[in-house]
Structure formats: structure tokens, C-alpha cells
file query.cif (mmCIF, C-alpha atoms and all ligand atoms)
data_my_file
#
loop_
_atom_site.label_atom_id
_atom_site.label_comp_id
_atom_site.auth_asym_id
_atom_site.auth_seq_id
_atom_site.Cartn_x
_atom_site.Cartn_y
_atom_site.Cartn_z
CA MET R 5 79.13 11.59 152.99
CA LEU R 6 76.97 14.66 153.68
CA PRO R 7 75.26 16.31 150.69
CA ASP R 8 76.65 19.70 149.63
CA PRO R 9 74.81 22.58 151.37
CA PRO R 10 72.44 24.43 148.99
CA PRO R 11 74.25 27.39 147.37
CA ARG R 12 73.81 30.60 149.37
CA PRO R 13 72.13 33.33 147.32
CA ARG R 14 74.79 35.86 146.32
CA TYR R 15 73.31 39.31 146.98
CA GLY R 16 76.66 41.09 146.98
CA PRO R 17 76.79 42.07 143.26
CA TYR R 18 73.14 43.20 143.32
CA VAL R 19 73.76 45.38 146.37
CA ALA R 20 76.86 46.88 144.69
CA ILE R 21 74.86 47.65 141.52
CA ALA R 22 72.03 49.19 143.58
CA VAL R 23 74.54 51.37 145.46
CA ILE R 24 76.10 52.56 142.18
CA VAL R 25 72.67 53.32 140.66
CA ALA R 26 71.61 55.21 143.82
CA ALA R 27 74.88 57.18 143.84
CA VAL R 28 74.46 58.15 140.17
CA ALA R 29 70.81 59.12 140.78
CA ALA R 30 71.87 61.19 143.81
CA ALA R 31 74.58 62.90 141.75
CA PHE R 32 72.03 63.75 139.02
CA GLY R 33 69.55 64.88 141.67
CA TRP R 34 72.17 67.11 143.30
CA THR R 35 73.22 68.61 139.98
CA ALA R 36 69.61 69.26 139.01
CA GLY R 37 68.87 70.74 142.43
CA TRP R 38 66.10 68.24 143.33
CA LEU R 39 67.80 67.28 146.59
CA ALA R 40 68.28 70.85 147.76
CA PRO R 41 65.31 72.94 146.68
CA GLY R 42 66.94 76.16 147.90
CA ARG R 43 70.23 75.69 146.04
CA LEU R 44 70.92 77.84 143.01
CA THR R 45 71.41 75.65 139.93
CA PRO R 46 71.93 76.58 136.25
CA ALA R 47 68.36 75.42 135.51
CA ARG R 48 66.90 77.56 138.32
CA MET R 49 68.85 80.61 137.17
CA THR R 50 67.64 80.06 133.60
CA ASP R 51 64.04 79.58 134.80
CA ALA R 52 64.31 82.88 136.68
CA ILE R 53 65.65 84.66 133.59
CA GLU R 54 62.80 83.20 131.50
CA ALA R 55 60.29 84.43 134.08
CA THR R 56 61.33 88.06 133.45
CA SER R 57 59.57 87.86 130.06
CA THR R 58 55.79 87.93 130.01
CA THR R 59 55.78 85.64 126.95
CA PRO R 60 58.15 82.77 126.12
CA TYR R 61 60.26 83.22 122.99
CA PRO R 62 61.12 79.68 121.87
CA GLY R 63 64.35 79.30 119.93
CA PHE R 64 65.83 82.60 121.10
CA ARG R 65 68.55 83.32 123.63
CA ARG R 66 67.11 83.72 127.13
CA ALA R 67 69.06 86.96 127.50
CA HIS R 68 70.20 89.38 124.79
CA ALA R 69 67.56 87.78 122.57
CA LYS R 70 67.64 90.50 119.92
CA GLY R 71 70.75 90.91 117.85
CA LEU R 72 72.47 90.37 114.53
CA CYS R 73 75.41 88.27 113.44
CA VAL R 74 78.60 90.01 112.36
CA SER R 75 81.84 88.92 110.75
CA GLY R 76 85.30 90.28 110.11
CA GLN R 77 88.79 89.85 111.48
CA PHE R 78 91.03 90.49 114.46
CA GLU R 79 94.50 91.96 114.10
CA GLY R 80 96.84 91.46 117.07
CA THR R 81 99.61 93.90 118.00
CA PRO R 82 103.21 93.11 119.05
CA ALA R 83 102.34 94.55 122.49
CA GLY R 84 99.54 91.97 122.71
CA ALA R 85 101.92 89.19 121.67
CA ALA R 86 104.35 90.29 124.40
CA LEU R 87 101.63 89.94 127.05
CA SER R 88 100.02 86.70 125.83
CA ARG R 89 101.15 83.79 123.67
CA ALA R 90 97.56 83.36 122.33
CA GLY R 91 97.74 82.75 118.57
CA VAL R 92 95.35 85.63 117.85
CA PHE R 93 98.06 88.14 118.85
CA GLY R 94 100.50 86.74 116.27
CA PRO R 95 101.28 88.55 113.01
CA GLY R 96 98.48 88.95 110.45
CA SER R 97 94.81 88.55 111.23
CA VAL R 98 92.39 85.83 112.31
CA PRO R 99 88.70 85.48 111.38
CA VAL R 100 85.98 86.80 113.68
CA THR R 101 82.42 85.53 114.00
CA GLY R 102 80.33 87.68 116.31
CA ARG R 103 77.01 89.03 117.41
CA MET R 104 75.87 92.53 118.37
CA SER R 105 72.83 92.57 120.63
CA ILE R 106 70.76 94.51 123.12
CA GLY R 107 70.02 93.38 126.68
CA GLY R 108 66.67 91.77 127.47
CA GLY R 109 64.78 88.56 126.83
CA SER R 110 62.61 89.79 123.95
CA PRO R 111 63.69 89.38 120.32
CA TYR R 112 61.41 92.36 119.56
CA GLY R 113 62.96 94.87 122.00
CA LEU R 114 63.34 98.49 120.86
CA ASP R 115 67.00 99.02 119.95
CA ALA R 116 67.37 102.68 120.81
CA GLN R 117 65.78 102.24 124.24
CA ALA R 118 68.00 99.41 125.43
CA ARG R 119 70.39 100.69 128.09
CA VAL R 120 72.65 97.66 127.62
CA ARG R 121 74.26 96.92 124.26
CA SER R 122 76.60 94.06 123.65
CA MET R 123 79.32 92.56 121.53
CA ALA R 124 80.08 88.82 121.49
CA LEU R 125 83.01 87.39 119.53
CA VAL R 126 84.72 84.15 118.63
CA LEU R 127 88.33 84.50 117.48
CA ARG R 128 89.88 81.39 115.92
CA ASP R 129 93.63 81.29 115.48
CA GLY R 130 93.61 78.58 112.80
CA GLU R 131 95.54 76.15 114.98
CA GLY R 132 92.69 74.99 117.19
CA GLY R 133 92.84 77.93 119.59
CA GLU R 134 89.43 79.47 120.12
CA TRP R 135 88.55 82.53 122.21
CA ARG R 136 84.94 83.34 123.01
CA MET R 137 83.90 86.57 124.68
CA ALA R 138 80.60 88.24 125.54
CA MET R 139 80.90 91.88 126.56
CA ASN R 140 78.51 94.62 127.61
CA SER R 141 78.38 98.39 127.38
CA PHE R 142 78.50 98.92 131.15
CA PRO R 143 81.92 99.38 132.77
CA PHE R 144 81.36 97.11 135.79
CA PHE R 145 78.86 94.43 136.77
CA GLY R 146 75.85 95.48 138.85
CA VAL R 147 76.10 92.58 141.29
CA PRO R 148 78.99 90.93 143.16
CA SER R 149 77.88 87.28 142.82
CA ALA R 150 75.74 84.82 140.87
CA GLU R 151 73.40 84.60 143.87
CA ALA R 152 72.91 88.37 143.82
CA PHE R 153 72.26 88.20 140.04
CA TYR R 154 69.55 85.61 140.79
CA GLU R 155 67.99 87.91 143.40
CA GLN R 156 68.05 90.79 140.94
CA THR R 157 66.51 88.63 138.22
CA ARG R 158 63.71 87.53 140.53
CA ALA R 159 63.10 91.13 141.58
CA SER R 160 62.79 92.12 137.87
CA ALA R 161 60.12 89.51 137.08
CA PRO R 162 56.69 90.96 136.33
CA ASP R 163 54.21 90.82 139.19
CA PRO R 164 51.19 88.76 137.94
CA ALA R 165 48.84 91.39 139.42
CA THR R 166 50.22 94.33 137.41
CA GLY R 167 52.25 92.73 134.61
CA LYS R 168 55.20 94.91 135.76
CA PRO R 169 58.07 94.33 138.20
CA ASP R 170 57.21 95.26 141.77
CA PRO R 171 59.13 98.53 142.36
CA GLU R 172 59.25 97.87 146.12
CA ARG R 173 61.02 94.55 145.57
CA MET R 174 63.55 96.17 143.24
CA ARG R 175 64.14 99.04 145.69
CA ALA R 176 64.81 96.51 148.46
CA PHE R 177 67.26 94.64 146.22
CA VAL R 178 69.16 97.81 145.27
CA ALA R 179 69.29 98.93 148.92
CA ARG R 180 71.06 95.68 149.83
CA TYR R 181 73.85 95.93 147.23
CA PRO R 182 76.24 98.89 146.85
CA ALA R 183 77.19 97.52 143.39
CA ALA R 184 73.54 97.75 142.31
CA GLN R 185 73.48 101.38 143.52
CA ARG R 186 76.64 102.14 141.50
CA PHE R 187 75.06 100.46 138.49
CA ALA R 188 71.80 102.43 138.86
CA ALA R 189 73.83 105.67 138.98
CA TRP R 190 75.71 104.66 135.82
CA ALA R 191 72.46 103.74 134.03
CA LYS R 192 70.94 107.10 134.96
CA THR R 193 73.84 109.36 134.04
CA ALA R 194 76.07 107.71 131.38
CA PRO R 195 75.51 109.32 127.97
CA TRP R 196 73.95 107.10 125.28
CA SER R 197 75.88 106.70 122.04
CA ASP R 198 74.14 106.79 118.66
CA SER R 199 75.41 103.47 117.27
CA PHE R 200 76.65 99.98 118.06
CA ALA R 201 79.83 101.21 116.34
CA SER R 202 80.48 104.13 118.71
CA THR R 203 79.81 102.11 121.86
CA GLN R 204 82.55 100.76 124.12
CA TYR R 205 82.20 97.13 125.28
CA TYR R 206 83.69 95.82 128.53
CA GLY R 207 84.86 92.26 129.20
CA ILE R 208 84.13 93.06 132.89
CA HIS R 209 85.85 90.04 134.49
CA ALA R 210 89.55 89.71 135.27
CA PHE R 211 91.44 87.15 133.15
CA ARG R 212 95.11 86.20 133.06
CA PHE R 213 97.34 86.71 130.04
CA VAL R 214 100.20 84.17 129.90
CA ASP R 215 103.29 84.98 127.82
CA ASP R 216 105.81 82.72 126.03
CA GLY R 217 107.88 82.33 129.16
CA GLY R 218 104.84 81.40 131.31
CA ASP R 219 104.71 84.77 133.10
CA GLU R 220 101.21 85.96 133.90
CA ARG R 221 99.52 89.36 134.09
CA VAL R 222 95.98 89.85 135.36
CA VAL R 223 93.96 91.99 132.93
CA ARG R 224 90.50 93.27 132.19
CA TRP R 225 89.81 94.29 128.60
CA THR R 226 87.55 96.62 126.70
CA MET R 227 86.73 97.11 123.02
CA ARG R 228 87.26 100.85 122.46
CA PRO R 229 85.48 102.16 119.37
CA GLN R 230 87.46 103.94 116.69
CA ALA R 231 84.20 105.59 115.57
CA SER R 232 83.72 108.93 117.34
CA PHE R 233 81.22 109.14 120.14
CA VAL R 234 77.99 110.91 119.18
CA GLU R 235 75.41 111.29 121.91
CA MET R 236 71.81 110.28 121.25
CA SER R 237 69.28 112.37 123.18
CA ALA R 238 66.23 110.96 124.94
CA ALA R 239 64.01 112.55 122.27
CA GLN R 240 66.03 110.95 119.46
CA ARG R 241 65.85 107.56 121.17
CA GLU R 242 62.11 107.93 121.57
CA ALA R 243 61.69 108.78 117.88
CA ALA R 244 64.02 106.06 116.54
CA GLU R 245 62.75 103.02 114.61
CA GLY R 246 62.58 99.71 116.53
CA ASP R 247 65.58 98.20 114.70
CA TYR R 248 67.53 101.45 114.69
CA LEU R 249 70.87 100.05 115.93
CA GLN R 250 70.84 97.08 113.57
CA ASP R 251 69.85 99.17 110.53
CA GLU R 252 72.46 101.81 111.32
CA LEU R 253 75.22 99.21 111.69
CA ARG R 254 74.31 97.56 108.39
CA GLU R 255 74.38 100.96 106.65
CA ARG R 256 77.75 101.79 108.22
CA LEU R 257 79.20 98.42 107.19
CA ALA R 258 77.98 98.96 103.64
CA ARG R 259 80.22 102.07 103.58
CA GLY R 260 83.29 100.29 105.02
CA PRO R 261 84.77 98.33 107.95
CA VAL R 262 84.00 99.28 111.56
CA ARG R 263 86.80 99.00 114.14
CA TRP R 264 87.38 98.73 117.87
CA ASP R 265 90.77 98.60 119.60
CA MET R 266 91.08 95.88 122.18
CA VAL R 267 92.60 97.54 125.25
CA ALA R 268 93.96 95.45 128.12
CA THR R 269 94.07 97.15 131.52
CA LEU R 270 96.78 95.62 133.70
CA ALA R 271 95.94 94.96 137.35
CA ALA R 272 98.15 96.38 140.07
CA ALA R 273 98.83 94.68 143.38
CA GLY R 274 95.71 94.58 145.50
CA ASP R 275 93.21 95.02 142.64
CA ASP R 276 90.17 92.81 143.10
CA THR R 277 90.25 89.96 140.59
CA SER R 278 87.27 87.96 141.82
CA ASP R 279 84.50 90.57 141.93
CA PRO R 280 83.50 92.10 138.56
CA SER R 281 81.37 94.72 140.30
CA THR R 282 84.49 96.41 141.69
CA PRO R 283 86.01 98.83 139.17
CA TRP R 284 89.79 99.23 139.13
CA ARG R 285 91.39 102.66 139.42
CA GLU R 286 91.30 104.61 136.18
CA ASP R 287 95.08 105.22 136.15
CA ARG R 288 96.02 101.55 135.63
CA GLU R 289 98.38 100.86 132.73
CA GLN R 290 96.57 100.19 129.45
CA VAL R 291 97.92 98.35 126.38
CA VAL R 292 96.33 98.13 122.93
CA VAL R 293 96.59 94.41 122.19
CA GLY R 294 94.66 94.27 118.91
CA THR R 295 91.89 95.61 116.71
CA VAL R 296 88.52 94.08 115.85
CA VAL R 297 87.55 94.89 112.27
CA LEU R 298 83.95 94.12 111.35
CA THR R 299 83.13 93.96 107.66
CA GLY R 300 79.74 92.23 107.39
CA ALA R 301 76.41 91.59 109.11
CA GLN R 302 73.88 88.81 108.73
CA ASP R 303 70.40 88.12 110.18
CA GLN R 304 70.64 86.16 113.40
CA ALA R 305 68.04 83.67 112.13
CA THR R 306 70.36 82.41 109.41
CA GLY R 307 73.82 83.75 110.27
CA ALA R 308 76.70 81.82 111.81
CA CYS R 309 76.14 83.32 115.29
CA ARG R 310 72.74 81.68 115.76
CA ASP R 311 74.04 78.30 116.83
CA LEU R 312 76.95 79.62 118.87
CA ASN R 313 77.23 79.84 122.62
CA PHE R 314 79.56 82.74 123.43
CA ASP R 315 80.69 81.11 126.66
CA PRO R 316 83.32 83.45 128.15
CA THR R 317 85.21 80.59 129.79
CA MET R 318 86.31 79.26 126.40
CA VAL R 319 89.76 80.76 126.13
CA PRO R 320 92.82 79.68 124.13
CA ASP R 321 96.29 78.81 125.37
CA GLY R 322 97.84 82.12 126.50
CA VAL R 323 94.64 83.29 128.21
CA ALA R 324 93.42 81.83 131.52
CA LEU R 325 90.46 82.42 133.80
CA SER R 326 90.74 84.37 137.04
CA ASP R 327 89.34 83.45 140.44
CA ASP R 328 86.05 85.21 139.57
CA PRO R 329 83.31 82.62 140.34
CA ILE R 330 80.74 84.39 138.13
CA LEU R 331 82.63 83.12 135.08
CA ALA R 332 81.81 79.50 135.91
CA ALA R 333 78.21 80.46 136.70
CA ARG R 334 77.91 82.13 133.30
CA ALA R 335 79.31 79.05 131.54
CA ALA R 336 76.74 76.81 133.22
CA VAL R 337 73.76 79.11 132.56
CA TYR R 338 74.72 79.85 128.93
CA ALA R 339 74.86 76.08 128.34
CA GLN R 340 71.30 75.76 129.72
CA SER R 341 70.01 78.60 127.57
CA PHE R 342 71.83 77.19 124.54
CA ASP R 343 70.43 73.68 125.11
CA ARG R 344 66.90 74.98 125.51
CA ARG R 345 66.96 77.17 122.42
CA GLN R 346 68.67 74.55 120.23
CA ARG R 347 66.06 71.97 121.24
CA GLU R 348 63.28 74.42 120.37
CA VAL R 349 64.84 75.23 117.00
CA ALA R 350 65.14 71.50 116.30
CA HIS R 351 61.40 71.22 117.06
CA GLY R 352 60.60 73.94 114.52
CA ALA R 353 60.58 77.20 116.53
CA ASP R 354 60.38 80.21 114.19
CA VAL R 355 63.41 82.38 114.92
CA SER R 356 63.03 84.63 111.90
CA GLY R 357 62.48 87.57 114.26
CA ALA R 358 59.60 89.00 112.21
CA VAL R 359 57.73 91.20 114.67
CA PRO R 360 54.38 89.61 115.61
CA VAL R 361 51.48 92.03 115.52
CA GLU R 362 50.93 92.01 119.28
CA ALA R 363 54.62 92.70 119.99
CA ALA R 364 54.76 95.53 117.47
CA ARG R 365 52.03 97.54 119.19
C1 LIG G 401 75.58 85.49 136.61
C2 LIG G 401 75.76 86.32 135.60
C3 LIG G 401 75.14 86.15 134.25
C4 LIG G 401 74.16 85.32 133.81
C5 LIG G 401 73.36 84.31 134.61
C6 LIG G 401 73.97 85.56 132.38
C7 LIG G 401 73.05 84.90 131.57
C8 LIG G 401 73.02 84.95 130.18
C9 LIG G 401 72.27 84.07 129.31
C10 LIG G 401 71.32 82.99 129.76
C11 LIG G 401 72.55 84.41 128.03
C12 LIG G 401 72.05 83.73 126.75
C13 LIG G 401 73.09 82.68 126.30
C14 LIG G 401 72.75 81.91 125.05
O1 LIG G 401 71.61 81.45 124.88
O2 LIG G 401 73.66 81.70 124.21
C15 LIG G 401 73.45 85.52 128.09
C16 LIG G 401 73.95 86.18 126.99
C17 LIG G 401 74.85 87.20 127.07
N1 LIG G 401 75.46 87.73 128.19
FE1 LIG G 401 75.18 87.12 130.07
N2 LIG G 401 74.86 86.53 131.98
C18 LIG G 401 75.59 86.92 133.08
C19 LIG G 401 76.58 87.87 133.13
C20 LIG G 401 77.04 88.57 132.05
C21 LIG G 401 78.12 89.53 132.09
C22 LIG G 401 78.95 89.91 133.31
C23 LIG G 401 78.25 89.99 130.81
C24 LIG G 401 79.22 91.00 130.27
C25 LIG G 401 80.48 91.02 130.58
C26 LIG G 401 77.28 89.31 129.97
C27 LIG G 401 77.13 89.48 128.62
C28 LIG G 401 76.31 88.73 127.81
C29 LIG G 401 76.23 88.89 126.37
C30 LIG G 401 77.01 89.89 125.53
C31 LIG G 401 75.32 87.93 125.91
C32 LIG G 401 74.89 87.70 124.47
C33 LIG G 401 75.84 86.70 123.84
C34 LIG G 401 75.40 86.35 122.44
O3 LIG G 401 75.30 87.25 121.60
O4 LIG G 401 75.15 85.15 122.21
N3 LIG G 401 76.56 88.45 130.76
N4 LIG G 401 73.74 85.85 129.40
#

call {"tool": "encode", "arguments": {"input": "query.cif", "output": "C-alpha cells"}}
result
Amino acid sequence: MLPDPPPRPRYGPYVAIAVIVAAVAAAFGWTAGWLAPGRLTPARMTDAIEATSTTPYPGFRRAHAKGLCVSGQFEGTPAGAALSRAGVFGPGSVPVTGRMSIGGGSPYGLDAQARVRSMALVLRDGEGGEWRMAMNSFPFFGVPSAEAFYEQTRASAPDPATGKPDPERMRAFVARYPAAQRFAAWAKTAPWSDSFASTQYYGIHAFRFVDDGGDERVVRWTMRPQASFVEMSAAQREAAEGDYLQDELRERLARGPVRWDMVATLAAAGDDTSDPSTPWREDREQVVVGTVVLTGAQDQATGACRDLNFDPTMVPDGVALSDDPILAARAAVYAQSFDRRQREVAHGADVSGAVPVEAAR
């Protein structure tokens, strides 16, 4: 009888494991952008946003770094409930946690000189439904895509030679994008209001409201202030204290609640739902779907808004995203910014917002 042949080495399982490990590494590499150096990733977008500040500000949001937490409630209307089955439109009110901020990467920006002011909210319906929004004071976005936003961000970064953005680069960017030209015209001519409270905030993107029967309407919404508009002149803005908007809002809230009506504009056939830089016609039907009532403000260093990511893709049942691809880009970049700042806070970053001497000059 012949002896048994020596056992053949079994490489199969090792090869399978190596293939799986390589596939996972490739997937990570692709996601991180290492395999395609030119591809826009959330990390690259966040790096570009960071590079627009001359100094890093650990622990703070990479955009809209200066703000204050606010709290209050949201009261839905029957007209809102008819358009969307979201719990927040039901009878009564739901709690609001929010943040009012100014655009820019510095937590020491001058309030009255910030062209962009913002409102971010979380509405919780008490039954697990949560609606996060982050809105700005401009009526349409200045770029048609995330890639264009990246180009704009890179064009706004300070030139190492001068410490200021290169005006030629910005001019070239604006020349390429009609939306950027529309935005520049808005920024130059739109009157400035005198308060966070008298400013209108725009959700900008299209979303879908879904009613009880499953019917859908495409909407864009705004928060329309109940406080009357009072214009602030260039001279007044120049003379205002650095924390003017925050101080004024706190004083107003000490006197009583501050309100905005949430107004849904209903799309008509043919309205662009995927490009937030394309305004809809002004005569579209509008419906008041609720009212935001703010009653309190807290420092952002200690308030409930600090550890929140106002990711606009977090919507409750009854609200759905549109085909606007910038929404997904925002979700990915906000997560990056949130991760970075939370890690820095965990490592002891001082987010008290006290103005350092060099920033105050
Ligand atoms: C590609 C487009 C955009 C990018 C990459 C971007 C990026 C960012 C980042 C990195 C943050 C900080 C997030 C955090 O740390 O929690 C932020 C905050 C914010 N963004 Fe955007 N953004 C974009 C578009 C928009 C648009 C269209 C709006 C208005 C409709 C908007 C409104 C806001 C507001 C209000 C905040 C402050 C939210 C808060 O108080 O936490 N952004 N953005």
C-alpha cells in the first residue's frame, strides 16, 4: 500500500481573507479620497473650509462658528397638518432647541458686519420624530453644486503672501457662475436688518411634505419674522459692539418671546427642485404652517446647542428630502466638522468664546 500523499497546503482561506481585507481597505481609501486625489470628499471640503481662517479655532464649528443657543417652542397650524403628517404640525406645541449664528469660521467675528445670519433648529415631536434645519438669511444659494461651493471656498482662502483672499481668483470664480453673480448682487443691495429677530431665514433647498394619505407637495420654507423690519445703516453697523446681535437678542428675549412664522412655498410644475441657487417665482402659493416662538438664550459654550449637529437631512416622517444633491453633501461635511470639534472639546479645547487679546484688536 502506498503512503498517503503529504497534505497540500490550503491557501484558499488565506487568499479569501486577503481579498476581503484588501476590499475593505480599498473601500476606506475610496471614501477617504486617498485613491482619487482629485475627488471631492467630506474631509477635503472641511479642510478647505478650515483653510479660509488664518488661525484654527479648535472646538468650534468650522462654519458659523459664532452664535448662541436658543430655546422655545414650535406651534403647528391646521394648514401645516393638512400638508404634512409630521407630528410637529399637530395640535399644541413641541419644544425647540436652536442656535442663532453669523456666517464665518471665527468665533470672534463682528456680529453687525456679518452679511449672513442664521437660524438652526431641532423640533422634537415627543414620539421620536426629530426635524433638524439650518437656515440662512439669503434667499437662494450662491452656488449650484457642492463642487462649486468647494471652488468658492478655495477662492476665499487667504493668500499666504498677503493674508487676504486673492481678488483675482474670486473674480474668476464669480465670472464662471451666474448664481454667484446673483448672490453678489443680493449681498450688495439687500437692506440689513437691525436684529436676529427681524431677519428672515430661508431653508433654501426643496423638500417634500407628505400628508396622511401619502400625497406629496414639493416645498421650500422660510422663517418670516413677526418683529418689524428696521434697517441698520452702514454707519450703525460700523459703530455697533462686536456682540451686538447676541446682546440685542438676549435683551429682546428678556422682554418677551420672539416669533417667526414658518411659511411653506409650494412648487409649481417645472420649478427646479434640485438646484438651490435657482429662486422660484415670487407668485407661488404660500402657506403658514407654524410659528417658532423663542423664549430663552444660552451661551453656546454651555448651552444645549453646542453638541448638536443641525444636519438638514434629519427629517421626521411627513417630511422627505428632494433630489437636491447638496443636501447629502451638507450632511457629510457637517458630520466631519462635528467629529472634529467634538474630538477637540474632548481633548480640552476652550470653547468659552472669550475674545483673545489678538482677536479683539
Ligand atoms: C455644500 C454646501 C455647504 C457646506 C459644505 C456647508 C458647511 C457647513 C459646516 C462645515 C458647518 C458647521 C457644522 C457643525 O460643525 O455643526 C455649517 C453650519 C451651518 N450651515 Fe452650512 N454648508 C453648506 C450649505 C449651507 C446652506 C445651503 C445653508 C442654508 C440653507 C447652510 C446653513 C448653515 C447654518 C445655519 C449652519 C450653522 C448650524 C449651527 O448653528 O450649528 N449651509 N455649514

call {"tool": "residues_around", "arguments": {"input": "query.cif", "residues": "range 218-222 of chain R", "least_positions_apart": "2", "cutoff": "9 Å", "atoms": "all atoms listed in the file", "output": "list in words"}}
result
Leu87, Ser88, Arg89, Ala210, Phe211, Arg212, Phe213, Val214, Asp215, Asp216, Arg224, Thr269, Leu270, Ala271, Ala272, Thr277, Gly322 and Ser326 of chain R

call {"tool": "write_last_selection", "arguments": {"input": "query.cif", "atoms": "C-alpha atoms", "output": "PDB file, in the frame of the given file"}}
result
ATOM      1  CA  LEU R  87     101.630  89.940 127.050  1.00  0.00           C
ATOM      2  CA  SER R  88     100.020  86.700 125.830  1.00  0.00           C
ATOM      3  CA  ARG R  89     101.150  83.790 123.670  1.00  0.00           C
ATOM      4  CA  ALA R 210      89.550  89.710 135.270  1.00  0.00           C
ATOM      5  CA  PHE R 211      91.440  87.150 133.150  1.00  0.00           C
ATOM      6  CA  ARG R 212      95.110  86.200 133.060  1.00  0.00           C
ATOM      7  CA  PHE R 213      97.340  86.710 130.040  1.00  0.00           C
ATOM      8  CA  VAL R 214     100.200  84.170 129.900  1.00  0.00           C
ATOM      9  CA  ASP R 215     103.290  84.980 127.820  1.00  0.00           C
ATOM     10  CA  ASP R 216     105.810  82.720 126.030  1.00  0.00           C
ATOM     11  CA  ARG R 224      90.500  93.270 132.190  1.00  0.00           C
ATOM     12  CA  THR R 269      94.070  97.150 131.520  1.00  0.00           C
ATOM     13  CA  LEU R 270      96.780  95.620 133.700  1.00  0.00           C
ATOM     14  CA  ALA R 271      95.940  94.960 137.350  1.00  0.00           C
ATOM     15  CA  ALA R 272      98.150  96.380 140.070  1.00  0.00           C
ATOM     16  CA  THR R 277      90.250  89.960 140.590  1.00  0.00           C
ATOM     17  CA  GLY R 322      97.840  82.120 126.500  1.00  0.00           C
ATOM     18  CA  SER R 326      90.740  84.370 137.040  1.00  0.00           C
TER      19      SER R 326
END

call {"tool": "residues_near_ligand", "arguments": {"input": "query.cif", "ligand": "ligand LIG 401 (chain G)", "cutoff": "6 Å", "atoms": "all atoms listed in the file", "output": "list of chain:residue names"}}
result
R:Arg65, R:Arg66, R:Ala67, R:His68, R:Arg103, R:Ser105, R:Ser122, R:Met123, R:Ala124, R:Ala138, R:Met139, R:Asn140, R:Phe145, R:Ala150, R:Phe153, R:Gly207, R:Ile208, R:Asn313, R:Phe314, R:Ile330, R:Ala333, R:Arg334, R:Val337, R:Tyr338, R:Ser341, R:Phe342

call {"tool": "closest_residue", "arguments": {"input": "query.cif", "among": "R:Gly108, R:Pro195, R:Gly357, R:Pro148", "to": "Ala161 in chain R", "atoms": "only C-alpha atoms"}}
result
R:Gly108

call {"tool": "closest_residue", "arguments": {"input": "query.cif", "among": "R:Ile53, R:Ala353, R:Val293, R:Met137", "to": "Pro320 in chain R", "atoms": "all atoms listed in the file"}}
result
R:Met137

call {"tool": "residues_around", "arguments": {"input": "query.cif", "residues": "Tyr248 in chain R", "least_positions_apart": "4", "cutoff": "7 Å", "atoms": "all atoms listed in the file", "output": "NGL selection string"}}
result
:R and (115-116 or 244 or 252)

call {"tool": "atom_distance", "arguments": {"input": "query.cif", "atom1": "CA of Leu72 in chain R", "atom2": "CA of Cys309 in chain R"}}
result
8.0 Å

call {"tool": "closest_residue", "arguments": {"input": "query.cif", "among": "R:Val25, R:Pro99, R:Arg158, R:Arg285", "to": "Asp51 in chain R", "atoms": "only C-alpha atoms"}}
result
R:Arg158

call {"tool": "atom_distance", "arguments": {"input": "query.cif", "atom1": "CA of Val349 in chain R", "atom2": "CA of Gly63 in chain R"}}
result
5.0 Å

call {"tool": "residues_near_point", "arguments": {"input": "query.cif", "point": "(83.2, 98.0, 129.9)", "cutoff": "12 Å", "atoms": "all atoms listed in the file", "output": "PyMOL selection string"}}
result
chain R and resi 120-123+138-146+190+203-210+224-229+266-269+280-284

call {"tool": "atom_distance", "arguments": {"input": "query.cif", "atom1": "CA of Ser356 in chain R", "atom2": "CA of Leu249 in chain R"}}
result
17.8 Å
